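Take a look at the structure below.
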Amino acid sequence: MDRPLYLGIDLGTTNSAACVFDGEQLQSVRGSGGETLTPSVVRIDARGNIVVGTRAHRFLQKDPENTRAEFKRLMGSKNPQRFAAANLEKTPEELAAQILMSLQKDVEAQLGVKPERAVIAVPALFELPQIKATSEAARLAGFTRIETIQEPVASALASGWSAEECRGAWLVYDLGGGTFDASLLETQEGLLRIIGHDGDNFLGGRDFDLAIVDWLIARIAETAGIKIERSNPAHASAVAKLKVCAEEAKIELSRTASETSIVIEALKVGSSELDLLEQPLSRTDLEAITAPLIERSVKVCERLLRAHGIKQLERIVLVGGPTMMPAVRARLEQSLGAPFGSGLDPMLLVSQGAALFAATAALDARGAAPTAAATGPRVWLQYPAMTPDTSPYVVGRALEPADKVQALRFTRNDEQWQSEWFTLETDGSFAGMLSLKRRGASTFRVETKAADESVTGANPSEITIVHGVSIGEPPLARTIGVARADNAVAVYFERGAPLPIRKSFTLKTVENVSAGADYALRVPIVQGDFPFAHLCRLVGVIQIPSSSLKATLPAGSLVELTLEVDRGGALSAKACLPAQNLVFDHVEQLLAPQTSPEKMAELVHELAQRAATLRGNAFRDGQRSALVTLSDFEATIESVRRDLDAARGGDQDAAEKARRSLIDCDGMLGDLEAANAWPELSARVYEAHTRTMYWLERHGTDPERRALAQAMETVERSMRARNPREIERQLKQMSSIRVTAYLRDPQAWEWELESIADRVQDSTDPIKAQNLLRRGRAAQAAGNRRDVEKAVRELWTLLPAQSDERSLSYNSGVR
Amino acid sequence: MKHPSDLLDNPFLVLDIPASATRIEVERAGQKLLAQLAVRVASVMTYRTPGGVQTRDEDKVRAALSALRDPEHRVLHELWANLPPSDEEEESEQPIASWPSAFRSLGWRRPCRE
């Protein structure tokens, strides 16, 4: 049988690469010029001819109007890229598809097989719309099936595959063209585990280039008196030209030279033109220009190590072009004090890891992989394509009558191992253990034994299993939940949950929806690690249009929601209204939202005012850590201002970056504001603990007492770390423990009925609420506690949601 | 007593392994069960717990594997898997478990009671 062919693709911001794995060896795919990297650049000329990669890259400086790069960061957004000469527009997905097609052709030229399936690496912090856009690009390129893997996981797999077992934690420092990911990992018994990750979705080599561009703009203004503005659309072409030169200079200084000269010819800036500019740039200059960016990445690493209590790293694996810069390596060594992994190519590690993951997922690039001619009895076999276990199970079932197959036997192709006969159970299934060669592919010949003891080959006649470092299922990058009408997030899938994942749960509507009206009840699905919906990213909405309803849907109606995320990170959802026997399964998949630069400038102003108040408080109270956070905030907001300038000049990527950074800034100030309310928060913790203890003493169970003790331990830790977000989470936990115990009190439902009685006039359906109240009181008089409970539970669903909270929660119609 | 999902969906019960299983034994058990569920082996579609028989599916097995891969989560599940009976449970009389030997296999001294 042919060896398997697993394809991994690193669809990078600046460069892309492909790698194949045959179960034993990793092999990088080379382009027609022998290069292993394909620049992620697409050019379309006046006649509509499309050129990709190195040939297109040459035109970045000469013809920026018709040449596009760095579209990866715009994936999933509604930002068509214009090609002036051909007078057409292409979406970021269509451009990414061109890169994928080019890599597909390179694989075909090198290996004689047109790949149909692949694993594509995506940044760890990509959200669902961006992952979906990547899948769409692959579909446009002609791939029939793809899976995605997070870039740091891919790098880790590749470095783990080639390394000996490492006892402690190690860090993958992945500074790509557009994104930065830091991942803490460990391998034990061949199984790779991601301890945690952090990153910056908008820090990459491109930002280094733009820092050099800003420096160049200042030099040009000084020496030639020409003012170039990144915010001026008329200067976009000059800025693009400077950027190409900046990138070349950075690469040269990263390799050998200690000084280089940036030569720019015929730079046209509005009505002025600069014939020739020769600007020397030393490595020392470069280090000074990029130091704040390097520092930003180091801070992310330190934060990650701190969050997981890691004091010493075993080693650091470097990934991405910018890690070739000596300044990056020196700063990391100084700060983290661990050796760098040797013999690993930072530019190819991601594609290698993606290829290894394709093996784990049994995703043979050839589609229906050709099998050796097999004529024996058919059997259905299940086994891991790649495993860290040297003794994995093969499980199966005969697809022939019992007399044709009574047992199966597996013989390893090196003839060094043979299984016993695995006898079929009465239901036709069997399970048996195999023995693999370490660190490589083992192929087994499959034989069957019939009732008459005759032995023949099976169909399939062979199976192949690779032994090596492996990762279980791909982890979910960010928490997914449903935004509730009170702006809280009902979390359904935690970050790190193994994919695929599916869950069903029940929600309740917060308002009456009349059948046939021009309205739709919204169930917003959000992604993010914040407890408030408005700080999370809206990634999909299920709409329940009133036109589809059979009758009026009263407030408090049940909505059964099923959410599913597949291995590739695609979200699907289904909402069912049991009362009307209706199912809604159309999820409006959202594009990245767009906000105008003017609107964002207003937000910057608002945030700056909030920061000023916080700074005053921090100085007054001597809060050092708050001042450090505020200084980080200042640096971020300054970069947002620069990005807004660039956005006004037509840089859509900068606009997207500004929008995301503003959300982070809002979260940063929100945490400080919560920390400022520290005395109130401490008092709330004290009160919550006392009240919970009170009810647990009366009606609690041992697991609940243990859960409370654990919550208090976490609160104490969070108090020391001044982490209000975690304290809020624990307060919620305490509240749920308390309520559970309280509701065991024989009088609890009667007290609840009285407390709700004052609010029935404000309910969404006052008549129904009055009836329920009457019914509850009658049940109370009759001593029927169960009916009192029933009435109260129904009354709860009729309480109105606050309108300001609803608007923050993307107008959620459920709780 | 209503059994908490921490106990009913305890990963050690889902994977049918002792709380002392090594990491590779956990992976092996998970891989075997996933394969058996894929070829629809009826005997693995349910598993026993102190709270009665539960349905086993691929999602549960994957979640169990994921939980036991993380040492911090695993410690908590070991706690549940080895939970000794509480005083309140000792005073009670109605056993509800359908599988008494499960308690012994998990290190319990006597059956869980309502």
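As shown in the structure tokens, the chain order sets the letters A, B, ...; within each chain, residues go from 1, and ligands are also counted from 1 in the order they appear.
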Exercise. May I have the residues within 9 Å of Leu34 in chain B as a PyMOL selection string, using only C-alpha atoms and disregarding those fewer than 6 positions away in the same chain?
Key: (chain A and resi 382) or (chain B and resi 57-58+61-62)
Exercise. Pull out every residue of chain B sitting within 7 Å of chain A, counting only C-alpha atoms, and send them as a PyMOL selection string.
Key: chain B and resi 24+28+32+35-36+39+41+59+62-63+66+86
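Atom pair CA of Lys132 in chain A / CA of Ala570 in chain A: separated by 5.9 Å.
The neighbours of Gln406 in chain A here are the residues that come within 8 Å of it, using only C-alpha atoms and leaving out any residue fewer than 6 positions away in the same chain; they are Thr423, Leu424, Thr448, Lys449, Ala450 and Ala451 of chain A.
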Quiz prompt | DSSP strand (DSSP E or B) residues within range 127-331 of chain A, as a ChimeraX atom specification | solution = /A:145-150,170-175,180-188,191-200,259-269,272-282,315-319
Exercise. Mind checking which residues fall within 12 Å of Gly33 in chain A, counting only C-alpha atoms, ignoring those fewer than 3 positions away in the same chain, and posting them as number ranges by chain?
Key: A: 29-30, 36-38, 53-55, 106, 109-110
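Reported to one decimal place, the separation of CA of Cys576 in chain A from CA of Ala483 in chain A is 17.4 Å.
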Exercise. Per DSSP on the backbone, filter range 269-480 of chain A down to the residues in helix (DSSP H, G or I) and report them as JSON, numbers by chain.
Key: {"A": [283, 284, 285, 286, 287, 288, 289, 290, 291, 292, 293, 294, 295, 296, 297, 298, 299, 300, 301, 302, 303, 304, 305, 306, 307, 321, 322, 323, 324, 326, 327, 328, 329, 330, 331, 332, 333, 334, 335, 336, 349, 350, 351, 352, 353, 354, 355, 356, 357, 358, 359, 360]}
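Excluding Trp170 in chain A itself and same-chain residues fewer than 4 positions from it, the residues having an atom within 6 Å of it are Leu184, Leu185, Leu313, Glu314, Arg315 and Ile316 of chain A, counting only C-alpha atoms.
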Exercise. Skip Ala358 in chain A itself and residues of its chain fewer than 4 positions away, then list as an NGL selection string all residues within 7 Å of it, counting only C-alpha atoms.
Key: :A and (6-8 or 118-119 or 354 or 362-363)
Go ahead and write the residues just picked, N, CA and C atoms, as a compact mmCIF listing (two decimals), in the first residue's frame.
```txt
# COMPACT_ATOMS: atom_id res chain seq x y z
N TYR A 6 -0.05 13.27 4.33
CA TYR A 6 -0.76 14.24 5.16
C TYR A 6 -0.21 15.64 4.85
N LEU A 7 -1.12 16.57 4.57
CA LEU A 7 -0.69 17.91 4.16
C LEU A 7 -1.05 18.94 5.24
N GLY A 8 -0.05 19.74 5.58
CA GLY A 8 -0.27 20.84 6.53
C GLY A 8 0.07 22.15 5.87
N ALA A 118 -6.61 18.84 3.77
CA ALA A 118 -5.44 19.42 4.43
C ALA A 118 -5.82 19.94 5.80
N VAL A 119 -4.79 20.21 6.58
CA VAL A 119 -4.98 20.94 7.84
C VAL A 119 -4.36 22.32 7.64
N ALA A 354 1.12 21.29 11.34
CA ALA A 354 -0.20 21.09 10.72
C ALA A 354 -0.22 19.75 9.99
N ALA A 362 -6.21 11.62 10.81
CA ALA A 362 -6.38 10.67 9.70
C ALA A 362 -6.91 11.35 8.44
N LEU A 363 -6.39 12.54 8.17
CA LEU A 363 -6.88 13.32 7.04
C LEU A 363 -5.91 13.17 5.87
```
Exercise. Write out as a PyMOL selection string each polymer residue whose atoms come within 7 Å of Ala29 in chain B, counting only C-alpha atoms; drop sequence neighbours fewer than 4 positions from it.
Key: chain B and resi 15+25+33
Residues just named, written with N, CA, C and O atoms as a compact mmCIF listing (two decimals), in the first residue's frame:
```
# COMPACT_ATOMS: atom_id res chain seq x y z
N LEU B 15 -14.93 6.50 31.60
CA LEU B 15 -13.90 5.74 30.89
C LEU B 15 -13.72 4.32 31.45
O LEU B 15 -12.94 3.54 30.91
N GLU B 25 -2.81 5.08 30.19
CA GLU B 25 -3.96 4.17 30.36
C GLU B 25 -5.27 4.93 30.12
O GLU B 25 -6.22 4.39 29.56
N LEU B 33 -12.79 3.17 23.74
CA LEU B 33 -14.24 3.43 23.83
C LEU B 33 -14.75 4.20 22.62
O LEU B 33 -15.83 3.91 22.09
```
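If you look at CA of Asn487 in chain A and CA of Arg815 in chain A, they are 9.3 Å away from each other.
Counting only C-alpha atoms and comparing A:Pro401, A:Gln580, A:Leu274, A:Val814, the residue that lies closest to Thr506 in chain A is A:Val814.
In terms of minimum interatomic distance to Lys768 in chain A, A:Glu794 ranks closest within A:Glu704, A:Glu89, A:Glu794, A:Glu750, counting only C-alpha atoms.
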Self-check item: Counting only C-alpha atoms, the residue of B:Ser20, B:Thr55, B:Thr46, B:Gln31 that sits nearest Ala81 in chain B
Solution: B:Ser20
